[in-house]
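Visitor: My structure file coords_39.txt, compact mmCIF, C-alpha atoms, is below:
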# COMPACT_ATOMS: atom_id res chain seq x y z
CA MET Y 44 -41.32 41.60 -29.94
CA TYR Y 45 -38.98 43.79 -31.86
CA ASP Y 46 -41.93 45.15 -33.96
CA TYR Y 47 -43.87 45.95 -30.75
CA PRO Y 48 -41.09 46.74 -28.30
CA THR Y 49 -43.24 47.91 -25.37
CA LEU Y 50 -45.97 46.32 -23.26
CA LEU Y 51 -48.50 48.83 -24.52
CA GLU Y 52 -47.79 48.07 -28.16
CA LEU Y 53 -47.46 44.27 -27.66
CA SER Y 54 -50.67 43.95 -25.62
CA GLY Y 55 -52.58 45.99 -28.19
CA TYR Y 56 -51.28 43.80 -31.00
CA ILE Y 57 -52.28 40.54 -29.21
CA ALA Y 58 -55.75 41.97 -28.39
CA GLN Y 59 -56.25 42.79 -32.07
CA ILE Y 60 -55.34 39.21 -33.12
CA LEU Y 61 -57.69 37.66 -30.58
CA SER Y 62 -60.50 39.99 -31.67
CA SER Y 63 -60.05 39.05 -35.33
CA GLN Y 64 -60.17 35.32 -34.38
CA GLY Y 65 -63.28 35.77 -32.25
CA THR Y 66 -61.35 34.36 -29.25
CA LYS Y 67 -62.13 35.61 -25.80
CA PRO Y 68 -59.07 36.42 -23.73
CA ILE Y 69 -58.56 34.18 -20.71
CA SER Y 70 -60.13 35.86 -17.73
CA SER Y 71 -58.96 35.66 -14.19
CA SER Y 72 -61.89 33.38 -13.41
CA SER Y 73 -60.96 30.84 -16.06
CA GLN Y 74 -57.38 31.06 -14.92
CA THR Y 75 -58.45 29.79 -11.59
CA GLN Y 76 -60.27 26.92 -13.28
CA GLN Y 77 -57.11 25.80 -15.08
CA PRO Y 78 -54.23 26.11 -12.65
CA LEU Y 79 -50.70 25.37 -13.73
CA LYS Y 80 -49.71 21.69 -13.64
CA THR Y 81 -47.07 21.49 -10.96
CA LEU Y 82 -44.90 18.50 -9.99
CA GLN Y 83 -46.37 16.91 -6.89
CA PRO Y 84 -44.28 14.94 -4.37
CA LEU Y 85 -44.41 11.24 -5.13
CA PRO Y 86 -46.75 9.32 -2.85
CA THR Y 87 -45.13 7.18 -0.23
CA PRO Y 88 -45.34 3.48 -1.24
CA GLN Y 89 -48.25 1.75 0.43
CA VAL Y 90 -46.10 -0.32 2.72
CA ASN Y 91 -46.76 0.03 6.39
CA GLN Y 92 -43.96 1.02 8.71
CA VAL Y 93 -44.06 -2.32 10.52
CA ASN Y 94 -43.26 -4.27 7.35
CA LEU Y 95 -40.48 -1.89 6.36
CA SER Y 96 -39.00 -2.37 9.80
CA GLU Y 97 -39.25 -6.15 9.41
CA ILE Y 98 -37.53 -6.04 6.01
CA LYS Y 99 -34.74 -4.00 7.54
CA GLN Y 100 -34.36 -6.51 10.38
CA VAL Y 101 -34.31 -9.49 8.03
CA LEU Y 102 -31.63 -7.86 5.88
CA LYS Y 103 -29.56 -7.07 8.96
CA GLN Y 104 -29.72 -10.70 10.12
CA GLN Y 105 -28.77 -12.01 6.70
CA LEU Y 106 -25.87 -9.56 6.35
CA ALA Y 107 -24.57 -10.41 9.82
CA GLU Y 108 -24.55 -14.11 8.89
CA ALA Y 109 -22.88 -13.44 5.55
CA LEU Y 110 -20.12 -11.40 7.20
CA TYR Y 111 -19.79 -13.72 10.22
CA THR Y 112 -20.38 -10.85 12.62
CA GLU Y 113 -22.96 -9.71 15.17
CA GLU Y 114 -26.05 -7.71 14.23
CA SER Y 115 -25.05 -5.10 16.80
CA GLU Y 116 -21.93 -4.39 14.72
CA ILE Y 117 -24.01 -3.33 11.69
CA ALA Y 118 -25.17 0.29 11.55
CA GLU Y 119 -28.17 0.88 9.31
CA ASP Y 120 -26.59 3.94 7.70
CA GLN Y 121 -23.14 2.39 7.22
CA LYS Y 122 -22.07 1.41 3.71
CA PHE Y 123 -21.83 -2.29 2.99
CA VAL Y 124 -18.28 -2.01 1.63
CA ASP Y 125 -17.20 -0.34 4.88
CA LEU Y 126 -18.67 -3.31 6.75
CA GLY Y 127 -16.44 -5.68 4.75
CA LEU Y 128 -18.83 -6.80 2.00
CA ASP Y 129 -16.95 -7.92 -1.12
CA SER Y 130 -18.22 -9.00 -4.53
CA ILE Y 131 -18.40 -12.72 -3.72
CA VAL Y 132 -20.31 -12.30 -0.46
CA GLY Y 133 -22.47 -9.69 -2.20
CA VAL Y 134 -23.57 -12.18 -4.84
CA GLU Y 135 -24.37 -14.79 -2.18
CA TRP Y 136 -26.36 -12.30 -0.09
CA THR Y 137 -28.31 -11.09 -3.15
CA THR Y 138 -29.25 -14.70 -3.89
CA THR Y 139 -30.53 -15.08 -0.32
CA ILE Y 140 -32.56 -11.86 -0.60
CA ASN Y 141 -34.11 -13.04 -3.88
CA GLN Y 142 -35.06 -16.37 -2.36
CA THR Y 143 -36.52 -14.69 0.73
CA TYR Y 144 -38.70 -12.18 -1.16
CA ASN Y 145 -39.15 -13.96 -4.49
CA LEU Y 146 -37.32 -11.18 -6.35
CA ASN Y 147 -34.77 -11.08 -9.13
CA LEU Y 148 -32.35 -8.42 -7.94
CA LYS Y 149 -28.86 -8.15 -9.33
CA ALA Y 150 -25.88 -7.88 -7.00
CA THR Y 151 -25.15 -4.41 -8.40
CA LYS Y 152 -28.17 -3.12 -6.48
CA LEU Y 153 -26.02 -3.33 -3.36
CA TYR Y 154 -23.94 -0.51 -4.84
CA ASP Y 155 -26.99 1.50 -5.97
CA TYR Y 156 -28.50 1.25 -2.48
CA PRO Y 157 -25.35 0.85 -0.35
CA THR Y 158 -26.84 0.92 3.17
CA LEU Y 159 -29.52 -1.03 5.01
CA LEU Y 160 -31.76 2.03 5.14
CA GLU Y 161 -31.65 2.53 1.39
CA LEU Y 162 -31.79 -1.14 0.43
CA ALA Y 163 -34.72 -1.92 2.73
CA ALA Y 164 -36.72 1.01 1.33
CA TYR Y 165 -35.94 -0.07 -2.25
CA ILE Y 166 -37.05 -3.66 -1.57
CA ALA Y 167 -40.23 -2.46 0.16
CA GLN Y 168 -41.03 -0.22 -2.82
CA THR Y 169 -40.35 -3.06 -5.26
CA LEU Y 170 -42.65 -5.41 -3.36
CA ALA Y 171 -45.34 -2.72 -3.24
CA SER Y 172 -45.12 -2.07 -6.98
CA GLN Y 173 -45.51 -5.80 -7.63
CA GLY Y 174 -48.52 -5.97 -5.34
CA THR Y 175 -46.56 -8.29 -3.11
CA LYS Y 176 -46.93 -7.98 0.61
CA PRO Y 177 -43.58 -8.01 2.36
CA ILE Y 178 -42.98 -10.86 4.75
CA SER Y 179 -44.95 -10.17 7.90
CA SER Y 180 -44.10 -11.30 11.36
CA SER Y 181 -46.39 -14.32 11.00
CA SER Y 182 -44.99 -15.36 7.63
CA GLN Y 183 -41.49 -14.61 8.84
CA THR Y 184 -41.83 -17.41 11.34
CA GLN Y 185 -43.00 -19.73 8.58
CA GLN Y 186 -40.26 -18.68 6.18
CA SER Y 187 -37.51 -17.80 8.58
CA LEU Y 188 -33.97 -17.11 7.59
CA LYS Y 189 -31.90 -20.09 6.76
CA THR Y 190 -29.53 -20.12 9.71
CA LEU Y 191 -26.98 -22.68 10.69
CA GLN Y 192 -28.57 -24.68 13.46
CA PRO Y 193 -26.53 -26.53 16.05
CA LEU Y 194 -25.99 -30.02 14.74
CA PRO Y 195 -27.60 -32.86 16.66
CA THR Y 196 -25.19 -35.35 18.10
CA PRO Y 197 -24.29 -37.67 15.23
CA GLN Y 198 -25.54 -41.21 15.62
CA VAL Y 199 -22.07 -42.62 15.38
CA ASN Y 200 -20.08 -43.88 18.27
CA GLN Y 201 -17.77 -41.51 20.08
CA VAL Y 202 -14.71 -43.40 18.89
CA ASN Y 203 -15.49 -42.67 15.25
CA LEU Y 204 -16.29 -39.02 15.88
CA SER Y 205 -12.99 -38.72 17.69
CA GLU Y 206 -11.23 -40.42 14.78
CA ILE Y 207 -12.83 -38.07 12.26
CA LYS Y 208 -11.69 -35.12 14.31
CA GLN Y 209 -8.15 -36.50 14.48
CA VAL Y 210 -8.03 -37.19 10.75
CA LEU Y 211 -9.19 -33.67 9.95
CA LYS Y 212 -6.60 -32.22 12.31
CA GLN Y 213 -3.82 -34.22 10.62
CA GLN Y 214 -4.98 -33.19 7.16
CA LEU Y 215 -5.27 -29.54 8.13
CA ALA Y 216 -1.83 -29.57 9.73
CA GLU Y 217 -0.36 -30.98 6.51
CA ALA Y 218 -2.25 -28.48 4.35
CA LEU Y 219 -1.00 -25.55 6.46
CA TYR Y 220 2.51 -26.98 6.91
CA THR Y 221 2.25 -26.77 10.68
CA GLU Y 222 2.18 -29.07 13.70
CA GLU Y 223 -1.03 -30.66 14.96
CA SER Y 224 -0.31 -29.22 18.38
CA GLN Y 225 -0.70 -25.74 16.89
CA ILE Y 226 -4.32 -26.42 15.87
CA ALA Y 227 -7.00 -25.81 18.49
CA GLU Y 228 -10.25 -27.64 17.86
CA ASP Y 229 -12.37 -24.56 18.59
CA GLN Y 230 -10.22 -22.13 16.59
CA LYS Y 231 -11.56 -20.84 13.28
CA PHE Y 232 -9.82 -22.07 10.15
CA VAL Y 233 -9.30 -18.55 8.82
CA ASP Y 234 -7.53 -17.61 12.05
CA LEU Y 235 -5.24 -20.63 11.53
CA GLY Y 236 -4.24 -19.26 8.12
CA LEU Y 237 -6.58 -21.21 5.83
CA ASP Y 238 -7.22 -19.35 2.57
CA SER Y 239 -9.52 -20.16 -0.35
CA ILE Y 240 -6.93 -22.12 -2.36
CA VAL Y 241 -5.81 -24.34 0.51
CA GLY Y 242 -9.46 -24.70 1.51
CA VAL Y 243 -10.38 -26.14 -1.89
CA GLU Y 244 -7.47 -28.58 -1.76
CA TRP Y 245 -8.34 -29.70 1.77
CA THR Y 246 -12.00 -30.19 0.84
CA THR Y 247 -10.89 -32.39 -2.05
CA THR Y 248 -8.83 -34.48 0.38
CA ILE Y 249 -11.79 -34.78 2.76
CA ASN Y 250 -14.07 -35.90 -0.08
CA GLN Y 251 -11.57 -38.54 -1.18
CA THR Y 252 -11.12 -39.78 2.37
CA TYR Y 253 -14.82 -40.16 3.16
CA ASN Y 254 -16.29 -40.53 -0.34
CA LEU Y 255 -18.28 -37.32 0.02
CA ASN Y 256 -19.07 -34.39 -2.26
CA LEU Y 257 -18.66 -31.39 0.02
CA LYS Y 258 -18.16 -27.89 -1.33
CA ALA Y 259 -15.34 -25.73 -0.03
CA THR Y 260 -17.89 -23.24 1.32
CA LYS Y 261 -18.73 -25.75 4.06
CA LEU Y 262 -15.47 -24.70 5.72
CA TYR Y 263 -17.10 -21.32 6.31
CA ASP Y 264 -20.43 -22.79 7.43
CA TYR Y 265 -18.64 -25.05 9.94
CA PRO Y 266 -15.48 -23.02 10.61
CA THR Y 267 -13.82 -25.09 13.36
CA LEU Y 268 -12.71 -28.69 13.74
CA LEU Y 269 -15.41 -29.31 16.35
CA GLU Y 270 -18.18 -28.14 14.04
CA LEU Y 271 -16.81 -29.66 10.85
CA SER Y 272 -16.15 -33.10 12.33
CA GLY Y 273 -19.66 -33.15 13.79
CA TYR Y 274 -21.14 -32.20 10.42
CA ILE Y 275 -19.19 -34.89 8.56
CA ALA Y 276 -20.10 -37.50 11.17
CA GLN Y 277 -23.76 -36.58 10.75
CA ILE Y 278 -23.58 -36.95 6.96
CA LEU Y 279 -21.87 -40.32 7.19
CA SER Y 280 -24.48 -41.43 9.71
CA SER Y 281 -27.38 -40.30 7.50
CA GLN Y 282 -25.86 -42.22 4.59
CA GLY Y 283 -25.48 -45.29 6.75
CA THR Y 284 -21.74 -45.07 6.14
CA LYS Y 285 -19.27 -45.88 8.85
CA PRO Y 286 -16.13 -43.74 8.66
CA GLN Y 287 -13.31 -45.96 7.45
CA VAL Y 288 -10.50 -43.97 8.95
CA SER Y 289 -8.37 -46.84 10.15
CA GLN Y 290 -8.70 -48.59 6.76
CA GLN Y 291 -7.96 -45.43 4.77
CA PRO Y 292 -4.97 -43.79 6.42
CA LEU Y 293 -3.97 -40.30 5.50
CA LYS Y 294 -1.86 -39.77 2.44
CA THR Y 295 1.35 -38.50 3.93
CA LEU Y 296 4.52 -37.42 2.24
CA GLN Y 297 7.00 -40.25 2.62
CA PRO Y 298 10.76 -39.76 2.63
CA LEU Y 299 11.93 -40.21 -0.93
CA PRO Y 300 14.80 -42.40 -2.09
CA GLN Y 301 17.75 -40.36 -3.26
CA PRO Y 302 19.73 -41.68 -6.20
CA GLN Y 303 23.05 -40.01 -5.76
CA VAL Y 304 24.35 -39.10 -9.23
CA ASN Y 305 21.05 -38.22 -10.90
CA LEU Y 306 19.77 -36.38 -7.85
CA SER Y 307 22.69 -34.00 -8.02
CA GLU Y 308 22.07 -33.35 -11.72
CA ILE Y 309 18.33 -32.81 -11.21
CA LYS Y 310 19.00 -30.43 -8.35
CA GLN Y 311 21.36 -28.40 -10.50
CA VAL Y 312 18.90 -28.23 -13.38
CA LEU Y 313 16.10 -27.09 -11.07
CA LYS Y 314 18.34 -24.42 -9.59
CA GLN Y 315 19.16 -23.10 -13.08
CA GLN Y 316 15.51 -23.05 -14.11
CA LEU Y 317 14.40 -21.39 -10.89
CA ALA Y 318 17.11 -18.73 -11.20
CA GLU Y 319 15.92 -17.97 -14.73
CA ALA Y 320 12.28 -17.87 -13.67
CA LEU Y 321 13.05 -15.45 -10.83
CA TYR Y 322 15.57 -13.42 -12.86
CA THR Y 323 18.26 -13.94 -10.28
CA GLU Y 324 21.64 -15.65 -9.92
CA GLU Y 325 22.00 -19.30 -8.98
CA SER Y 326 24.27 -18.27 -6.14
CA GLU Y 327 21.29 -16.46 -4.57
CA ILE Y 328 19.29 -19.68 -4.29
CA ALA Y 329 19.84 -21.84 -1.21
CA GLU Y 330 18.82 -25.47 -1.61
CA ASP Y 331 17.03 -25.55 1.75
CA GLN Y 332 15.25 -22.22 1.31
CA LYS Y 333 11.51 -22.28 0.61
CA PHE Y 334 10.45 -21.20 -2.87
CA VAL Y 335 7.98 -18.66 -1.51
CA ASP Y 336 10.77 -17.04 0.51
CA LEU Y 337 12.78 -16.77 -2.70
CA GLY Y 338 9.95 -14.80 -4.30
CA LEU Y 339 8.09 -17.54 -6.16
CA ASP Y 340 4.42 -16.70 -6.63
CA SER Y 341 1.58 -18.73 -8.15
CA ILE Y 342 2.07 -17.43 -11.70
CA VAL Y 343 5.81 -18.05 -11.83
CA GLY Y 344 5.19 -21.39 -10.11
CA VAL Y 345 2.89 -22.53 -12.91
CA GLU Y 346 5.41 -21.46 -15.55
CA TRP Y 347 8.26 -23.24 -13.81
CA THR Y 348 6.20 -26.41 -13.37
CA THR Y 349 5.51 -26.35 -17.11
CA THR Y 350 9.24 -26.09 -17.79
CA ILE Y 351 9.95 -29.00 -15.42
CA ASN Y 352 7.32 -31.14 -17.14
CA GLN Y 353 8.76 -30.37 -20.57
CA THR Y 354 12.28 -31.11 -19.37
CA TYR Y 355 11.52 -34.46 -17.76
CA ASN Y 356 8.40 -35.50 -19.69
CA LEU Y 357 6.27 -35.44 -16.53
CA ASN Y 358 2.81 -34.18 -15.69
CA LEU Y 359 3.28 -32.47 -12.33
CA LYS Y 360 0.79 -29.99 -10.93
CA ALA Y 361 1.97 -26.61 -9.68
CA THR Y 362 0.76 -27.52 -6.18
CA LYS Y 363 3.70 -29.92 -5.90
CA LEU Y 364 5.87 -26.84 -5.33
CA TYR Y 365 4.01 -26.42 -2.03
CA ASP Y 366 4.18 -30.12 -1.15
CA TYR Y 367 7.96 -30.11 -1.76
CA PRO Y 368 8.80 -26.45 -1.11
CA THR Y 369 12.61 -26.51 -1.38
CA LEU Y 370 15.13 -27.76 -3.92
CA LEU Y 371 16.26 -30.42 -1.47
CA GLU Y 372 12.74 -31.83 -1.31
CA LEU Y 373 11.63 -31.26 -4.89
CA ALA Y 374 14.67 -32.83 -6.57
CA PRO Y 375 14.25 -36.27 -4.90
CA TYR Y 376 10.54 -36.24 -5.68
CA ILE Y 377 11.18 -35.59 -9.38
CA SER Y 378 13.87 -38.29 -9.38
CA GLN Y 379 11.32 -40.75 -8.00
CA GLU Y 380 8.72 -39.73 -10.61
CA ILE Y 381 11.21 -40.28 -13.42
CA ALA Y 382 12.07 -43.71 -12.05
CA ALA Y 383 8.41 -44.69 -11.63
CA THR Y 384 7.54 -43.79 -15.21
CA GLY Y 385 10.70 -45.34 -16.62
CA GLY Y 386 11.78 -41.92 -17.88
CA SER Y 387 15.32 -41.19 -18.99
CA LYS Y 388 15.28 -37.50 -19.81
CA LEU Y 389 17.69 -35.48 -17.78
CA PHE Y 390 18.45 -31.90 -18.71
CA GLN Y 391 22.10 -30.95 -18.61
CA GLY Y 392 21.72 -27.21 -18.26
CA LYS Y 393 22.07 -24.22 -20.54
CA GLY Y 394 24.81 -25.74 -22.62
CA ASN Y 395 22.36 -27.96 -24.50
CA GLY Y 396 20.17 -25.14 -25.67
CA GLY Y 397 17.33 -26.03 -23.34
CA HIS Y 398 16.78 -29.55 -24.70
CA PRO Y 399 16.56 -32.63 -22.51
CA GLN Y 400 19.00 -35.43 -23.05
CA GLU Y 401 20.08 -38.67 -21.49
CA SER Y 402 22.35 -38.45 -18.50
CA LEU Y 403 25.98 -39.22 -19.11
CA PRO Y 404 28.07 -40.92 -16.46
CA ASN Y 405 31.75 -40.26 -16.16
CA ASN Y 406 32.72 -42.44 -19.12
CA GLY Y 407 30.44 -40.44 -21.44
CA SER Y 408 28.18 -43.31 -22.57
CA PRO Y 409 24.43 -42.78 -22.34
CA VAL Y 410 22.69 -44.71 -19.60
CA ASN Y 411 19.01 -44.87 -18.73
CA SER Y 412 18.67 -42.81 -15.54
CA SER Y 413 16.00 -45.11 -14.08
CA GLU Y 414 18.37 -48.08 -14.33
CA GLU Y 415 20.77 -46.38 -11.93
CA MET Y 416 18.22 -46.74 -9.13
CA ASP Y 417 17.96 -49.91 -7.10
CA PRO Y 418 15.14 -52.15 -8.44
CA LYS Y 419 13.54 -52.19 -4.99
CA LEU Y 420 13.38 -48.40 -4.99
CA ARG Y 421 11.84 -48.43 -8.47
CA LEU Y 422 9.22 -50.93 -7.36
CA ARG Y 423 8.43 -48.82 -4.36
CA ALA Y 424 8.03 -45.75 -6.54
CA ILE Y 425 5.67 -47.63 -8.87
CA LEU Y 426 3.57 -48.86 -5.95
CA ASN Y 427 3.34 -45.31 -4.62
CA LYS Y 428 2.00 -44.10 -7.95
CA VAL Y 429 -0.55 -46.92 -8.07
CA ALA Y 430 -1.67 -46.03 -4.54
CA LYS Y 431 -2.11 -42.41 -5.65
CA LYS Y 432 -4.02 -43.63 -8.72
CA GLU Y 433 -1.47 -42.01 -11.00
CA LEU Y 434 -0.80 -45.39 -12.65
CA THR Y 435 -3.23 -48.14 -13.55
CA ILE Y 436 -2.60 -51.74 -12.57
CA GLN Y 437 -1.89 -52.59 -16.21
CA GLU Y 438 0.65 -49.78 -16.61
CA ALA Y 439 2.34 -50.72 -13.35
CA ASN Y 440 2.52 -54.38 -14.40
CA LYS Y 441 4.30 -53.43 -17.63
CA LEU Y 442 6.89 -51.41 -15.69
CA VAL Y 443 7.40 -54.29 -13.25
CA GLN Y 444 8.00 -56.66 -16.17
CA GLN Y 445 10.61 -54.26 -17.56
CA ILE Y 446 12.40 -54.24 -14.20
CA LYS Y 447 12.37 -58.04 -14.11
CA LYS Y 448 13.95 -58.23 -17.54
CA GLN Y 449 16.67 -55.73 -16.57
CA VAL Y 450 17.42 -57.67 -13.38
CA THR Y 451 17.66 -61.03 -15.20
CA VAL Y 452 19.92 -59.47 -17.84
Translate the structure described by the file into structure tokens.

Guide:
Amino acid sequence: MYDYPTLLELSGYIAQILSSQGTKPISSSSQTQQPLKTLQPLPTPQVNQVNLSEIKQVLKQQLAEALYTEESEIAEDQKFVDLGLDSIVGVEWTTTINQTYNLNLKATKLYDYPTLLELAAYIAQTLASQGTKPISSSSQTQQSLKTLQPLPTPQVNQVNLSEIKQVLKQQLAEALYTEESQIAEDQKFVDLGLDSIVGVEWTTTINQTYNLNLKATKLYDYPTLLELSGYIAQILSSQGTKPQVSQQPLKTLQPLPQPQVNLSEIKQVLKQQLAEALYTEESEIAEDQKFVDLGLDSIVGVEWTTTINQTYNLNLKATKLYDYPTLLELAPYISQEIAATGGSKLFQGKGNGGHPQESLPNNGSPVNSSEEMDPKLRLRAILNKVAKKELTIQEANKLVQQIKKQVTV
């Protein structure tokens, strides 16, 4: 182009090359025979409008159920995250979609196609590309959405259903640290303050009470006492099991015996440890103030429980800090645990370099802390641990024999 810098020179040069090659220049007629290849709009997937509309409706119903809301509250062009969809519910909904349409979508598709309009079109296109016909109105009736149907009246007598309801109310009141009178039978658990952690713990209690294997998600499927008690009654009836409520009373927190000298020492140790865990002064910790009000969270709670276990050679779970949520309540409980296991380790504070040691009475001679408790209280503590299945019969028998020997001596 620099050797032939004008159209006249360049066209003459190209004509000369073509002539020497015996090539005929492209005429206007041949140009019309070979038009330029242009990008055509993609064809609309061969899915009829009725089926696309049905897919959209099915998705709306499923999403409304997943979010516990009404279909009328869901706009087709509103983003799922703005409707309240989180990662957990998203995974569950994606599983439902896959089961409904025999697909294998990942939950991330809900972020790639974040509205009903976009997601429905994507699913319709996917079904079309697989040669799969989307669920029609006739097949929709055959493979309808899995919805929670009203439970038939359980075939158990009204007395037992009433008892189940009462047991659940008592358990829920204990789990939420509230009064039974504050719990309405038609009020949703989430509105009463039930969260996922407490829900798992309560489900475990229900399973132990009725010998069931419920998942914690059932509390969302049957979100009130009326619905949940009916569901449990139906399961027990289908298993031919009669609820044994009167024979299996609720596990309630009993007032704990309070050994005077050791209780004071334990309380002081716990206060020191808690102050260190919260990076505060002991004077800032009131013995009747709840740990959560002092700033204790789940992480610090686990660390403090570990320290308590190391100090007293116990095996407490961090949830005990919620069962006994103040120093006044926790100290007697730990004292009882030490007595029940025959333990003698009592930490004397920072002066011992963080190592447990035997408690020293006023005369300075070491004494086993469990011996300072009345034998009847020790027996009661052992029986409590057996009832809670924290001790076997054989282990309890050995401890009872030790108490007998100490009494006869």

Visitor: Please indicate the distance in Å from atom CA of Tyr322 of chain Y to atom CA of Thr362 of chain Y, rounded to one decimal place.

Guide: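 Answer for the atom CA of Tyr322 of chain Y to atom CA of Thr362 of chain Y separation: 21.5 Å.
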
Visitor: Could you check which of Y:Glu330, Y:Tyr263, Y:Leu61, Y:Gln213 is closest to Gln225 of chain Y, using all atoms listed in the file?

Guide: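 Closest to Gln225 of chain Y, using all atoms listed in the file: Y:Gln213.
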
Visitor: So how far away is atom CA of Thr349 of chain Y from atom CA of Ala439 of chain Y, in Å?

Guide: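 That distance, rounded to one decimal, is 24.9 Å.
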
Visitor: Just give me the residues with any atom within 7 Å of (4.7, -34.7, -2.2), file coordinates, counting all atoms listed in the file, written as a list in words.

Guide: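 Applying the cut-off with all atoms listed in the file, one gets Leu296, Lys363, Asp366, Tyr367 and Tyr376 of chain Y.
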
Visitor: Between atom CA of Val241 of chain Y and atom CA of Tyr274 of chain Y, measure the distance and give it in Å to one decimal.

Guide: 19.9 Å

Visitor: Excluding Leu359 of chain Y and residues on its chain fewer than 3 positions from it, collect all residues at most 12 Å away from it, counting all atoms listed in the file, and give them as a list in words.

Guide: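 Once the adjacent positions are removed, what remains is Gly344, Val345, Glu346, Trp347, Thr348, Thr349, Thr350, Ile351, Asn352, Gln353, Thr354, Tyr355, Asn356, Thr362, Lys363, Leu364, Tyr365, Asp366, Tyr367, Leu373, Tyr376, Ile377, Glu380, Ile381 and Glu433 of chain Y.
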
Visitor: Choose the residue, out of Y:Thr246, Y:Thr260, Y:Thr267, Y:Thr112, that has the smallest atom-to-atom separation from Phe232 of chain Y; count all atoms listed in the file.

Guide: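 Closest candidate: Y:Thr267.
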
Visitor: When you count only C-alpha atoms, which of these residues is closest to Tyr253 of chain Y: Y:Gly127, Y:Ile278, Y:Val429, Y:Lys231?

Guide: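 Result for the nearest residue to Tyr253 of chain Y: Y:Ile278.
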
Visitor: Hey, can I get the axis-aligned box for segment 266-281 of chain Y? All listed atoms, 6 Å padding on each side, centre and edge lengths in Å to one decimal, as JSON.

Guide:
{"center_x": -20.0, "center_y": -32.2, "center_z": 11.7, "size_x": 26.7, "size_y": 30.4, "size_z": 21.4}

Visitor: Out of Y:Gln59, Y:Gln64, Y:Thr158, Y:Gln449, which residue has the shortest atom-to-atom distance to Lys103 of chain Y when counting all atoms listed in the file?

Guide: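 Looking at the shortest contact to Lys103 of chain Y, the residue is Y:Thr158.
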
Visitor: Hey, what's within 10 Å of segment 215-222 of chain Y if we count only C-alpha atoms and toss same-chain stuff fewer than 4 positions away? As a short mmCIF file (atom, residue, chain, number, x, y, z; two decimals) with C-alpha atoms, in the coordinates of the input, please?

Guide:
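In the end it all went to part.cif:
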data_model
loop_
_atom_site.label_atom_id
_atom_site.label_comp_id
_atom_site.auth_asym_id
_atom_site.auth_seq_id
_atom_site.Cartn_x
_atom_site.Cartn_y
_atom_site.Cartn_z
CA GLN Y 209 -8.15 -36.50 14.48
CA VAL Y 210 -8.03 -37.19 10.75
CA LEU Y 211 -9.19 -33.67 9.95
CA ILE Y 226 -4.32 -26.42 15.87
CA PHE Y 232 -9.82 -22.07 10.15
CA LEU Y 235 -5.24 -20.63 11.53
CA GLY Y 236 -4.24 -19.26 8.12
CA LEU Y 237 -6.58 -21.21 5.83
CA ASP Y 238 -7.22 -19.35 2.57
CA VAL Y 241 -5.81 -24.34 0.51
CA GLY Y 242 -9.46 -24.70 1.51
CA GLU Y 244 -7.47 -28.58 -1.76
CA TRP Y 245 -8.34 -29.70 1.77
CA THR Y 246 -12.00 -30.19 0.84
CA THR Y 248 -8.83 -34.48 0.38
CA ILE Y 249 -11.79 -34.78 2.76
CA LEU Y 268 -12.71 -28.69 13.74
CA LYS Y 294 -1.86 -39.77 2.44
CA THR Y 295 1.35 -38.50 3.93
CA LEU Y 296 4.52 -37.42 2.24
CA TYR Y 365 4.01 -26.42 -2.03
CA ASP Y 366 4.18 -30.12 -1.15
#
